[in-house]
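A.B. asks: Below: one structure in structure tokens.
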Amino acid sequence: MKFLTHPLTKRAAYTVLFGATLTACGSGGSTTDQNNVLSSSMDGTRSMSLGTYVPQSRGTTTGTNTNTGATNPAGTITTVRFEGTSSAAQTNVPVTFGQVFVAGDLPANSGLVGRLEDGSSLPLQVDVKAKHADGSVRHAIISTVLPTLNASEVRSMSLIRGTASAASAAPITAPLDAGFTASVSATLNGVRYSASAEELMRSGKAKVWLSGATATEWQVMAPLTTSTGVQHPHLTARFAIRWYPATKKARIDTVVENNWAFEPKVQTFTYDANLTVGGKTVFNKPGMMHYHHARWRQLAWWNGASPEVNVKLNTGYLIATRAVPNYDQTLSIPESQLSALKTEWNGAITEPMATGLALKNMPTTGGRRDIGLLPGWTVMYLLSMDKRARDVTLGTADLSGSWSQHVRDKQTDMPVSVIDYPYMSVLGRGGDMINQKTGRDERFPDCLSPTSCYTPNEQDTAHQPNLAYVPYLVTGDYYYLEELQFWGMYSAFVDNPYFRGFEKGLVIPDQVRGQAWSLRTLAEAAYITPDSHPLKSHFTTFVNNNLDWFNNTYTTGAATGNALGVITNGYSIVYDEGTGLAPWQDDFFTSAVGHAAELGFTKAENLLRWKVKFPIARMVGQGACWIGAANYTMKVRDSANSPIYATIGEVFKKSSPDYLSTACGSEAMAKVLNLRVGEMSGYAPEATGYPANMQPALAYAASYGGTEGQKAWALFDQRNFKPNYAYAPQFAIKPR
């Protein structure tokens, strides 16, 4: 692989593979035969068809539909709107979307009825993917066919509990008998390699992702191969064919990968890419550079144009599920911002191997819109459900495959896991990756030459954006699920195996912000990965391992004397000769733990109750001044070998004597600090400033920090100078 010397002192002797860098702190399914292909799905789940509506009282949503102003039928769980984005009327419009549910709202073995605003019912296919601890549905993929959708029309549908009925699905031969064809090719050094979706469908090795009367999705894969049968050792094609029998249409999802974990002669390839559907070229890119351990995706439709419909989920209900944080629903995203997104989403940044709106060089420092529990554009989409924000959110998620951290295990055909390769890493000396139990060398192979692994995209954990989680939640597309899993596994294997606890996948050696974003990604992957997916238990284990370590270290272990509630492991106290830390990074970690707690990881709750001490004390603790609560750095000990200060008063005394020389929040203080009266330091008016970084931590403190947490939030919420989050809402999280 490509090697870079690591910039951090303690890791200077180690090397970084895949071109990944860790920036110093302060630098700113089953395989079945053709006849039985529908007997099981990729994750062992079955779909539910909708039968007769059965009113139930638990978890119902009655009264006025806040999306339309109409009255919801009794028993409604939530509502969905369908916006026609075509300039002409459409009929028989196939629609598939993801829906997450509040625990208990859709009990096991229940179905759903779709009730349109005109009172008519729609049959719905519900493919259940994940369940809550009580057995009720957590996440499902819902498919239906809208009878009509006029230009610019918005139709509303209530999701109402009903009785599940057996589902009958089309055989895999149905699209083939209808004439379906699709193929992808890469012409490399004059040699054409290709893969045919229809030939792979006939092979009897398809996996099933969706199964029912409305939609069936088969997934097939194979190496790109020459006409004489020579397989390319690195390039692989994956097709997901979604068939809607009522409309005789198919969506073809094509992915080309350069991802194998242990295939020798690693390199970036340049080739002429071509995708053909139904005999017509739908994508063609001569001279495309396909980076090592990266992948690209293209969507197309067979036997008709793509349905032009924007599925608008109920934002309030989605937030109520706690699958996403409690973003401020009073925000109204300005039309100017949505128009700007549409204008920006154009040209080279949207092409395969580009990175969309995310920064291609992740270690770039400074405030930016892709940092946070979710990126700014994704929060804009959640709060507006606008098509322009959706296009950017899904489009950038499509391009999350462009970074070189996508490592697939050829033995399992899944993202590689440290549970299977406990000594595997992208950071370490060669000997560190020799499995001491088996003698197996678990190093990734070297690049073919020093220049053969070129990529302009650079990933790291400290600035890892959350690109694929929400796209999977709202679409159910398997590509997005695997993107989330690839990034989760990268978070688990990036560090030296001896530092991360080998197969434990501990994130503790990293910068605090790196620990935060890695924990966030792992928790989301564990939460939303389908229950029967083999990696579900891997991600759950990683999350529990990390929470156990943090709890054993801080809440019940030797570090319980850390009364401040600050993280001290990894690259945390690195300022002022090892005496200071970055409160904003610590706040990122607090928010990630809060998010994990809301996702249902009970071990995170104990850690969170300890962790919120720090943001609370900075706002209302004795000897603190809230004006300086979000300073860039704070001194927390006298020397690199001294104990952590016992009180926040000592922190402020040693860190910021100017805050103690005048009355907190006074005009005199404002003059001393060159601020306006009542203005917090750290770029308070900026939506990416340090007070904004602090807001999610304080929101969780209000929920988990008792009366002091509520007091701290109230003071913060009443401050005079706040960002206009409507233009950048990624930190606009409020207490529940």
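Ordered as shown in the structure tokens, chains take letters A, B, and onward, while each chain numbers its residues from 1 and ligands are numbered from 1 in the order shown.
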Residues within 8 Å of Phe502 in chain A, please, as number ranges by chain. Count only C-alpha atoms; anything in the same chain fewer than 6 positions from it doesn't count.

C.D. replies: A: 418, 422-423

A.B. asks: Kindly save the residues from that selection, with N, CA and C atoms included, as a short mmCIF file (atom, residue, chain, number, x, y, z; two decimals), in the first residue's frame.

C.D. replies:
data_model
loop_
_atom_site.label_atom_id
_atom_site.label_comp_id
_atom_site.auth_asym_id
_atom_site.auth_seq_id
_atom_site.Cartn_x
_atom_site.Cartn_y
_atom_site.Cartn_z
N VAL A 418 -12.05 -6.72 12.10
CA VAL A 418 -10.94 -7.09 12.99
C VAL A 418 -11.28 -8.29 13.85
N PRO A 422 -7.64 -9.95 13.73
CA PRO A 422 -7.39 -9.06 14.87
C PRO A 422 -6.09 -8.28 14.80
N TYR A 423 -5.15 -8.68 13.93
CA TYR A 423 -3.88 -7.96 13.82
C TYR A 423 -3.83 -7.06 12.59
#

A.B. asks: Please return as a PyMOL selection string: the residues of range 185-292 of chain A that backbone DSSP assigns to helix (DSSP H, G or I).

C.D. replies: chain A and resi 197-201

A.B. asks: Using all heavy atoms, can you export the residues from the last selection as a PDB file, in the first residue's frame?

C.D. replies:
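Saved result, result-v4.pdb, follows:
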ATOM      1  N   ALA A 197     -25.437  -8.395 -15.989  1.00  0.00           N
ATOM      2  CA  ALA A 197     -26.386  -8.628 -14.907  1.00  0.00           C
ATOM      3  C   ALA A 197     -27.292  -9.811 -15.207  1.00  0.00           C
ATOM      4  O   ALA A 197     -27.548 -10.653 -14.340  1.00  0.00           O
ATOM      5  CB  ALA A 197     -27.217  -7.364 -14.668  1.00  0.00           C
ATOM      6  N   GLU A 198     -27.785  -9.898 -16.450  1.00  0.00           N
ATOM      7  CA  GLU A 198     -28.733 -10.977 -16.756  1.00  0.00           C
ATOM      8  C   GLU A 198     -28.053 -12.345 -16.715  1.00  0.00           C
ATOM      9  O   GLU A 198     -28.662 -13.343 -16.273  1.00  0.00           O
ATOM     10  CB  GLU A 198     -29.424 -10.739 -18.102  1.00  0.00           C
ATOM     11  CG  GLU A 198     -28.541 -10.800 -19.338  1.00  0.00           C
ATOM     12  CD  GLU A 198     -27.931  -9.464 -19.696  1.00  0.00           C
ATOM     13  OE1 GLU A 198     -27.896  -8.582 -18.805  1.00  0.00           O
ATOM     14  OE2 GLU A 198     -27.486  -9.294 -20.845  1.00  0.00           O
ATOM     15  N   GLU A 199     -26.805 -12.414 -17.134  1.00  0.00           N
ATOM     16  CA  GLU A 199     -26.105 -13.688 -17.054  1.00  0.00           C
ATOM     17  C   GLU A 199     -25.889 -14.105 -15.602  1.00  0.00           C
ATOM     18  O   GLU A 199     -26.030 -15.288 -15.254  1.00  0.00           O
ATOM     19  CB  GLU A 199     -24.764 -13.595 -17.781  1.00  0.00           C
ATOM     20  CG  GLU A 199     -24.888 -13.487 -19.299  1.00  0.00           C
ATOM     21  CD  GLU A 199     -23.533 -13.368 -19.978  1.00  0.00           C
ATOM     22  OE1 GLU A 199     -22.512 -13.501 -19.271  1.00  0.00           O
ATOM     23  OE2 GLU A 199     -23.503 -13.145 -21.206  1.00  0.00           O
ATOM     24  N   LEU A 200     -25.565 -13.162 -14.754  1.00  0.00           N
ATOM     25  CA  LEU A 200     -25.376 -13.471 -13.340  1.00  0.00           C
ATOM     26  C   LEU A 200     -26.700 -13.861 -12.686  1.00  0.00           C
ATOM     27  O   LEU A 200     -26.721 -14.722 -11.790  1.00  0.00           O
ATOM     28  CB  LEU A 200     -24.756 -12.273 -12.624  1.00  0.00           C
ATOM     29  CG  LEU A 200     -23.322 -11.931 -13.039  1.00  0.00           C
ATOM     30  CD1 LEU A 200     -22.884 -10.616 -12.412  1.00  0.00           C
ATOM     31  CD2 LEU A 200     -22.368 -13.054 -12.648  1.00  0.00           C
ATOM     32  N   MET A 201     -27.807 -13.254 -13.113  1.00  0.00           N
ATOM     33  CA  MET A 201     -29.113 -13.634 -12.577  1.00  0.00           C
ATOM     34  C   MET A 201     -29.455 -15.082 -12.932  1.00  0.00           C
ATOM     35  O   MET A 201     -30.119 -15.782 -12.162  1.00  0.00           O
ATOM     36  CB  MET A 201     -30.188 -12.684 -13.096  1.00  0.00           C
ATOM     37  CG  MET A 201     -30.059 -11.261 -12.560  1.00  0.00           C
ATOM     38  SD  MET A 201     -31.123 -10.070 -13.427  1.00  0.00           S
ATOM     39  CE  MET A 201     -32.739 -10.568 -12.804  1.00  0.00           C
TER      40      MET A 201
END

A.B. asks: Name the residues in contact with Met424 in chain A at a cut-off of 7 Å, using only C-alpha atoms, excluding same-chain residues fewer than 3 positions from it; report them as JSON, numbers by chain.

C.D. replies: {"A": [418, 421, 433, 442, 443, 493, 497]}

A.B. asks: When distances are computed from only C-alpha atoms, which of A:Thr688, A:Asn674, A:Ala261, A:Gln622 shows the smallest separation from Tyr490 in chain A?

C.D. replies: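 Of A:Thr688, A:Asn674, A:Ala261, A:Gln622, the one nearest Tyr490 in chain A, counting only C-alpha atoms, is A:Ala261.
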
A.B. asks: Check the smallest atom-to-atom distance from each of A:Ala130, A:Val620, A:Ala389, A:Leu112 to Ala340 in chain A using only C-alpha atoms, then report the winner.

C.D. replies: A:Ala389

A.B. asks: Name all residues at most 9 Å from Ala629 in chain A (count only C-alpha atoms; drop same-chain ones fewer than 5 positions away) and give them as an MDAnalysis selection string.

C.D. replies: chainID A and resid 583 615 617:619 624 680:682 691 694

A.B. asks: Identify which of the residues A:Pro729, A:Gly84, A:Pro530, A:Gly505 lies closest to Asn545 in chain A, counting only C-alpha atoms when measuring atom-to-atom distances.

C.D. replies: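 Smallest distance to Asn545 in chain A is found for A:Gly505.
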
A.B. asks: Tell me which protein, DNA and RNA residues are within 12 Å of Ile648 in chain A, counting only C-alpha atoms, leaving out same-chain ones fewer than 5 positions away, and put them as a PyMOL selection string.

C.D. replies: chain A and resi 562-566+613-626+628-629+634-637+653-656
